[in-house]
Each structure stands twice: as C-alpha cells, then as structure tokens.
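Chemist: Enclosed is the structure file my_file32.txt (compact mmCIF, C-alpha atoms).
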```txt
# COMPACT_ATOMS: atom_id res chain seq x y z
CA MET R 1 3.64 -23.42 -0.05
CA CYS R 2 3.19 -19.98 -1.59
CA PRO R 3 5.66 -17.17 -2.22
CA ALA R 4 6.16 -14.56 0.47
CA THR R 5 4.27 -11.32 -0.02
CA SER R 6 3.87 -8.02 1.76
CA SER R 7 0.40 -7.52 0.28
CA LEU R 8 -2.35 -6.94 2.82
CA GLY R 9 -4.82 -8.27 0.25
CA ARG R 10 -3.48 -11.81 0.73
CA HIS R 11 -4.62 -11.63 4.37
CA PHE R 12 -8.14 -10.82 3.19
CA ASP R 13 -7.95 -13.79 0.82
CA ALA R 14 -6.72 -16.08 3.59
CA ALA R 15 -9.40 -14.91 6.06
CA ALA R 16 -12.17 -15.40 3.50
CA ALA R 17 -10.91 -18.88 2.68
CA LEU R 18 -10.58 -19.87 6.35
CA LEU R 19 -14.14 -18.71 7.00
CA GLY R 20 -15.42 -20.69 3.98
CA LEU R 21 -16.48 -17.59 2.04
CA CYS R 22 -14.28 -17.85 -1.01
CA GLU R 23 -11.85 -20.69 -1.46
CA VAL R 24 -11.22 -20.01 -5.16
CA MET R 25 -11.60 -16.51 -6.56
CA GLN R 26 -13.18 -15.98 -9.95
CA ALA R 27 -12.73 -12.18 -9.96
CA GLU R 28 -10.30 -9.69 -8.47
CA ALA R 29 -11.08 -8.79 -4.84
CA GLU R 30 -13.97 -11.28 -4.72
CA ALA R 31 -12.83 -12.69 -1.38
CA ALA R 32 -12.25 -9.27 0.18
CA ILE R 33 -15.66 -8.03 -0.95
CA ALA R 34 -17.41 -11.11 0.47
CA LEU R 35 -15.53 -10.68 3.75
CA GLU R 36 -16.46 -6.99 4.01
CA ARG R 37 -20.15 -7.64 3.26
CA LEU R 38 -20.40 -10.33 5.89
CA ALA R 39 -18.50 -8.24 8.47
CA ALA R 40 -20.76 -5.22 7.87
CA GLY R 41 -23.76 -7.19 9.07
CA SER R 42 -22.08 -8.73 12.12
CA THR R 43 -20.83 -7.64 15.51
CA ALA R 44 -17.16 -8.16 16.23
CA PRO R 45 -16.07 -9.72 19.49
CA PRO R 46 -13.64 -7.65 21.58
CA VAL R 47 -10.23 -7.21 19.94
CA SER R 48 -7.40 -9.14 21.55
CA PRO R 49 -3.81 -7.86 21.22
CA ALA R 50 -2.78 -11.54 21.30
CA ASP R 51 -4.13 -11.82 17.73
CA TRP R 52 -1.08 -10.07 16.21
CA GLN R 53 2.61 -9.52 16.82
CA ILE R 54 4.93 -6.71 15.82
CA THR R 55 8.57 -7.61 15.52
CA GLN R 56 11.61 -5.55 14.70
CA ALA R 57 13.93 -7.23 12.25
CA THR R 58 17.43 -6.15 11.38
CA ALA R 59 18.64 -6.97 7.89
CA THR R 60 21.94 -8.74 7.55
CA HIS R 61 24.27 -7.31 5.00
CA GLY R 62 25.64 -9.70 2.43
CA PRO R 63 28.28 -9.14 -0.22
CA ALA R 64 27.00 -5.66 -1.04
CA GLY R 65 28.73 -4.32 2.07
CA PRO R 66 27.68 -2.48 5.20
CA PRO R 67 24.88 0.04 5.30
CA SER R 68 25.51 3.57 4.12
CA GLU R 69 26.93 6.02 6.64
CA ALA R 70 24.31 8.54 5.53
CA SER R 71 21.53 9.24 8.01
CA PRO R 72 18.10 7.96 7.10
CA PRO R 73 15.60 10.62 6.04
CA VAL R 74 13.77 12.35 8.88
CA GLY R 75 10.88 10.17 9.96
CA ALA R 76 12.32 6.99 8.43
CA LEU R 77 13.40 3.81 10.14
CA PRO R 78 17.12 3.07 9.92
CA PRO R 79 17.77 1.35 6.58
CA ASP R 80 18.55 -2.01 8.19
CA LEU R 81 15.46 -2.08 10.44
CA THR R 82 11.98 -3.22 9.50
CA LEU R 83 8.83 -3.55 11.55
CA GLN R 84 6.94 -6.69 10.65
CA LEU R 85 3.27 -7.16 11.42
CA ASP R 86 2.38 -10.81 11.94
CA LEU R 87 -1.32 -11.68 11.70
CA HIS R 88 -0.88 -15.46 11.96
CA PRO R 89 -2.45 -15.64 15.44
CA LEU R 90 -5.61 -13.98 14.07
CA LEU R 91 -5.74 -16.31 11.07
CA LEU R 92 -5.36 -19.35 13.35
CA CYS R 93 -8.37 -18.15 15.36
CA LEU R 94 -10.42 -17.69 12.20
CA ALA R 95 -9.73 -21.27 11.16
CA ASP R 96 -11.75 -22.40 14.18
CA ALA R 97 -14.44 -19.69 14.05
CA PRO R 98 -17.90 -21.24 14.44
CA ASP R 99 -19.68 -18.16 13.01
CA ALA R 100 -18.35 -16.79 9.71
CA GLY R 101 -20.03 -13.41 10.25
CA ARG R 102 -18.43 -12.85 13.64
CA GLY R 103 -15.17 -14.14 12.21
CA ALA R 104 -15.31 -11.61 9.37
CA ALA R 105 -16.11 -8.82 11.83
CA ARG R 106 -13.29 -10.00 14.10
CA PHE R 107 -10.90 -9.94 11.15
CA HIS R 108 -11.76 -6.34 10.27
CA ALA R 109 -11.68 -5.03 13.85
CA THR R 110 -8.46 -6.84 14.67
CA LEU R 111 -6.78 -5.80 11.43
CA ALA R 112 -7.57 -2.14 12.09
CA ALA R 113 -6.28 -2.40 15.67
CA ALA R 114 -3.13 -4.23 14.56
CA LEU R 115 -2.38 -1.71 11.81
CA THR R 116 -2.92 1.15 14.27
CA ASP R 117 -0.53 -0.49 16.74
CA TRP R 118 2.01 -1.05 13.95
CA VAL R 119 1.85 2.59 12.84
CA ALA R 120 2.03 3.80 16.46
CA THR R 121 5.16 1.68 16.97
CA ALA R 122 6.76 3.17 13.85
CA ARG R 123 5.76 6.66 15.03
CA ARG R 124 7.52 6.10 18.38
CA LEU R 125 10.69 4.91 16.61
CA THR R 126 10.79 7.62 13.95
CA GLY R 127 8.95 10.63 15.30
CA CYS R 128 7.00 10.78 12.04
CA ASP R 129 3.35 11.50 12.73
CA THR R 130 1.99 11.68 9.17
CA VAL R 131 0.50 8.54 7.63
CA VAL R 132 -0.59 8.12 4.03
CA LEU R 133 -3.30 5.48 3.57
CA SER R 134 -3.17 3.97 0.11
CA GLY R 135 -3.52 0.67 -1.68
CA GLY R 136 -6.37 -1.48 -2.87
CA CYS R 137 -7.37 -2.56 0.65
CA LEU R 138 -8.45 1.02 1.34
CA HIS R 139 -11.43 0.42 -0.98
CA ASN R 140 -12.73 -1.55 2.01
CA ARG R 141 -14.99 0.95 3.79
CA LEU R 142 -14.84 -0.83 7.14
CA LEU R 143 -11.05 -0.84 7.25
CA SER R 144 -10.73 2.68 5.87
CA ALA R 145 -13.22 4.14 8.36
CA ALA R 146 -11.61 2.33 11.29
CA LEU R 147 -8.13 3.59 10.38
CA HIS R 148 -9.32 7.15 9.78
CA ALA R 149 -10.80 7.04 13.30
CA SER R 150 -8.04 5.19 15.18
CA LEU R 151 -4.86 6.72 13.75
CA PRO R 152 -5.59 10.31 14.84
CA ALA R 153 -6.32 8.90 18.30
CA VAL R 154 -2.65 7.76 18.51
CA GLY R 155 -1.38 11.15 17.34
CA CYS R 156 -1.14 10.64 13.58
CA GLU R 157 -2.18 12.98 10.82
CA VAL R 158 -3.89 10.82 8.19
CA LEU R 159 -3.66 11.56 4.48
CA GLY R 160 -5.46 9.57 1.84
CA ALA R 161 -6.96 9.52 -1.61
CA GLN R 162 -9.43 12.33 -2.21
CA ARG R 163 -10.06 12.54 -5.93
CA LEU R 164 -8.56 9.29 -7.20
CA SER R 165 -8.76 5.65 -6.26
CA PRO R 166 -6.55 4.58 -3.35
CA GLY R 167 -5.65 1.52 -5.45
CA ASP R 168 -3.15 0.94 -8.23
CA ALA R 169 -4.21 3.88 -10.42
CA GLY R 170 -3.77 6.39 -7.61
CA LEU R 171 -0.50 4.76 -6.52
CA ALA R 172 0.86 4.93 -10.07
CA LEU R 173 -0.04 8.59 -10.40
CA GLY R 174 1.64 9.33 -7.07
CA GLN R 175 4.76 7.47 -8.16
CA ALA R 176 4.83 9.46 -11.41
CA TRP R 177 4.47 12.72 -9.45
CA VAL R 178 7.41 11.80 -7.18
CA ALA R 179 9.55 10.78 -10.17
CA LEU R 180 8.72 14.04 -11.97
CA HIS R 181 9.77 16.10 -8.96
CA GLN R 182 12.96 14.09 -8.44
CA LEU R 183 13.92 14.60 -12.09
CA ALA R 184 13.12 18.31 -11.87
CA ALA R 185 15.28 18.63 -8.74
CA LYS R 186 18.23 16.99 -10.52
CA GLU R 187 17.96 19.45 -13.41
CA THR R 188 18.24 22.51 -11.15
```
Using structure tokens, write down the structure from this file.

Modeler:
Amino acid sequence: MCPATSSLGRHFDAAAALLGLCEVMQAEAEAAIALERLAAGSTAPPVSPADWQITQATATHGPAGPPSEASPPVGALPPDLTLQLDLHPLLLCLADAPDAGRGAARFHATLAAALTDWVATARRLTGCDTVVLSGGCLHNRLLSAALHASLPAVGCEVLGAQRLSPGDAGLALGQAWVALHQLAAKET
C-alpha cells in the first residue's frame, strides 16, 4: 500500500515498473526517462478510450461547514467538484504487455489522449479554454509534443514554459510571481 498522490510522475514510475524497465530507481526521473527512450523507438498501438476513466466527484463537507456562497472564479470548477482521471485500466493492460517498447509507446499515446480528454471535459464544464502546461512530466518530449498538438485541436490555447524549466524551479518562480501580485493588490 502506498499513500495517495496526484503526481503524474507516479504513473510513469508505475508504467516503467510494470514493463520491467525500472523496478527500483537510483536517480530522480530514472524510470520516466527509460520509459520515454523506449517509447521513442517504438510504434504505439491504437489508443483505446477504455484505457482511462474520467469521473466527477463531489466533496462532502465535514465540520468546517457548507461551501462558500461566493461564486467560483470564472473558468473554475465549483469548489466542491473535482474531475478525476483514472489510468488504472491502462496500467492493468501494461502489466500484461508482451513487448515493453510497444507498452511504453502505448503508455505515452494513451496518457496524452487521456489528458486531452480530461482537459476537454473541464473546458466544457467551465468554459475556460486556456491551459497552462507545467510540472516535471513536461520535460518528457513525447508527452509535451503530443499535448501541444492535441489540446489546440479541442479548442484550447496552450501556454507553457518558454525560458525556464517546466519543473519545480519554474513552478516555484510562478508561485512567487502570483504571491507578489496578490500582496501588491492588497496594498492598493
């Protein structure tokens, strides 16, 4: 049993382990890098929408009380609603994959399709058509290229790292920028 996480990187770790590429990592992102290398040299089978599920979950409100009466920001999901992307069907298929290369390619192609579907679902619910791609998984050229191609096709404007890393350093700088502007707005 492992703790729950929302990190996409853990899916790369799981896929690499299931395909026998990296069962124990010795360095950060070792599994993801091995998975990307193998996928780059392989052809993916057709993507199947049965390899992922998107569910809408409503949070229950405990002792803290009901949700705020304030409207959510434009383009945001209601505060008690989340969209969850479940990749367990894909991971189950990878566990039985006879060819690790095709499995790695399937993982990448399916992940890109699932993320595109997830974003498109959020876009329909919120009306927000701008997506910011960030996080360590965007170092993966296959995933990044696929998302930069597929998201505009579903009507999204895609923003991403240009001068800095899409990983933790770029995220931290972006968080500092937001905090600076929030503090400046409070002072005026």

Chemist: Can you pull out every residue within 8 Å of range 137-142 of chain R, counting only C-alpha atoms, but drop anything in the same chain fewer than 3 positions away, and send it as a ChimeraX atom specification?

Modeler: /R:8-9,32-33,36,40,108,133-134,145-146,165-167

Chemist: Which is closer to Asp99 in chain R than all the others in R:Ala169, R:Ala76, R:Ala153, R:Leu38, using only C-alpha atoms?

Modeler: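 Of R:Ala169, R:Ala76, R:Ala153, R:Leu38, the one nearest Asp99 in chain R is R:Leu38, counting only C-alpha atoms.
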
Chemist: Excluding same-chain residues fewer than 6 positions from range 46-55 of chain R, what lies within 8 Å of it counting all atoms listed in the file, as a list in words?

Modeler: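 Non-adjacent residues within range: Leu83, Gln84, Leu85, Asp86, Leu87, His88, Pro89, Leu90, Cys93, Arg106, Ala109, Thr110, Ala113, Ala114 and Trp118 of chain R.
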
Chemist: As an exercise, work out the distance from CA of Gly170 in chain R to CA of Asp117 in chain R in Å and give it to one decimal place.

Modeler: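 So the two atoms, CA of Gly170 in chain R and CA of Asp117 in chain R, lie 25.5 Å apart.
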
Chemist: Rank R:Gly135, R:Ser7, R:Ala44, R:Ala31 by their smallest atom-to-atom distance to Ala172 in chain R, using all atoms listed in the file, and report the top residue only.

Modeler: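 Ranking R:Gly135, R:Ser7, R:Ala44, R:Ala31 by distance to Ala172 in chain R, first place goes to R:Gly135.
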
Chemist: Given 3 Å on each side, where is the centre and what are the edge lengths in Å to one decimal of the axis-aligned box enclosing the listed atoms of range 157-171 of chain R, as AutoDock Vina command-line options?

Modeler:
```
--center_x -5.3 --center_y 7.0 --center_z 0.2 --size_x 15.6 --size_y 18.0 --size_z 27.2
```

Chemist: Interatomic distance between CA of Gly155 in chain R and CA of Ala122 in chain R?

Modeler: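 These two atoms are separated by 11.9 Å.
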
Chemist: Rank R:Pro152, R:Pro79, R:Gly20, R:Gly41 by their smallest atom-to-atom distance to Arg102 in chain R, using all atoms listed in the file, and report the top residue only.

Modeler: R:Gly41

Chemist: Using all atoms listed in the file, which of the listed residues (R:Phe107, R:Leu151, R:Gln26, R:Thr130) sits closest to Leu94 in chain R?

Modeler: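 Once distances to Leu94 in chain R are computed over all atoms listed in the file, the minimum belongs to R:Phe107.
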
Chemist: Hey, can you pull every residue with an atom no more than 10 Å from (-13.8, -11.9, 3.3), using all atoms listed in the file, and send it as a short mmCIF file (atom, residue, chain, number, x, y, z; two decimals) with C-alpha atoms, keeping the file's coordinate frame?

Modeler:
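Result saved to point13.cif:
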```cif
data_model
loop_
_atom_site.label_atom_id
_atom_site.label_comp_id
_atom_site.auth_asym_id
_atom_site.auth_seq_id
_atom_site.Cartn_x
_atom_site.Cartn_y
_atom_site.Cartn_z
CA HIS R 11 -4.62 -11.63 4.37
CA PHE R 12 -8.14 -10.82 3.19
CA ASP R 13 -7.95 -13.79 0.82
CA ALA R 14 -6.72 -16.08 3.59
CA ALA R 15 -9.40 -14.91 6.06
CA ALA R 16 -12.17 -15.40 3.50
CA ALA R 17 -10.91 -18.88 2.68
CA LEU R 18 -10.58 -19.87 6.35
CA LEU R 19 -14.14 -18.71 7.00
CA GLY R 20 -15.42 -20.69 3.98
CA LEU R 21 -16.48 -17.59 2.04
CA CYS R 22 -14.28 -17.85 -1.01
CA ALA R 29 -11.08 -8.79 -4.84
CA GLU R 30 -13.97 -11.28 -4.72
CA ALA R 31 -12.83 -12.69 -1.38
CA ALA R 32 -12.25 -9.27 0.18
CA ILE R 33 -15.66 -8.03 -0.95
CA ALA R 34 -17.41 -11.11 0.47
CA LEU R 35 -15.53 -10.68 3.75
CA GLU R 36 -16.46 -6.99 4.01
CA ARG R 37 -20.15 -7.64 3.26
CA LEU R 38 -20.40 -10.33 5.89
CA ALA R 39 -18.50 -8.24 8.47
CA ALA R 100 -18.35 -16.79 9.71
CA GLY R 101 -20.03 -13.41 10.25
CA GLY R 103 -15.17 -14.14 12.21
CA ALA R 104 -15.31 -11.61 9.37
CA ALA R 105 -16.11 -8.82 11.83
CA PHE R 107 -10.90 -9.94 11.15
CA HIS R 108 -11.76 -6.34 10.27
#
```

Chemist: In Å, with one decimal, what is the gap from CA of Leu77 in chain R to CA of Lys186 in chain R?

Modeler: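 Here the two named atoms are 25.0 Å from each other.
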
Chemist: Point out the residue among R:Leu81, R:Ala120, R:Leu91, R:Leu111 with the least atom-to-atom distance to Val154 in chain R, counting all atoms listed in the file.

Modeler: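 Closest to Val154 in chain R, using all atoms listed in the file: R:Ala120.
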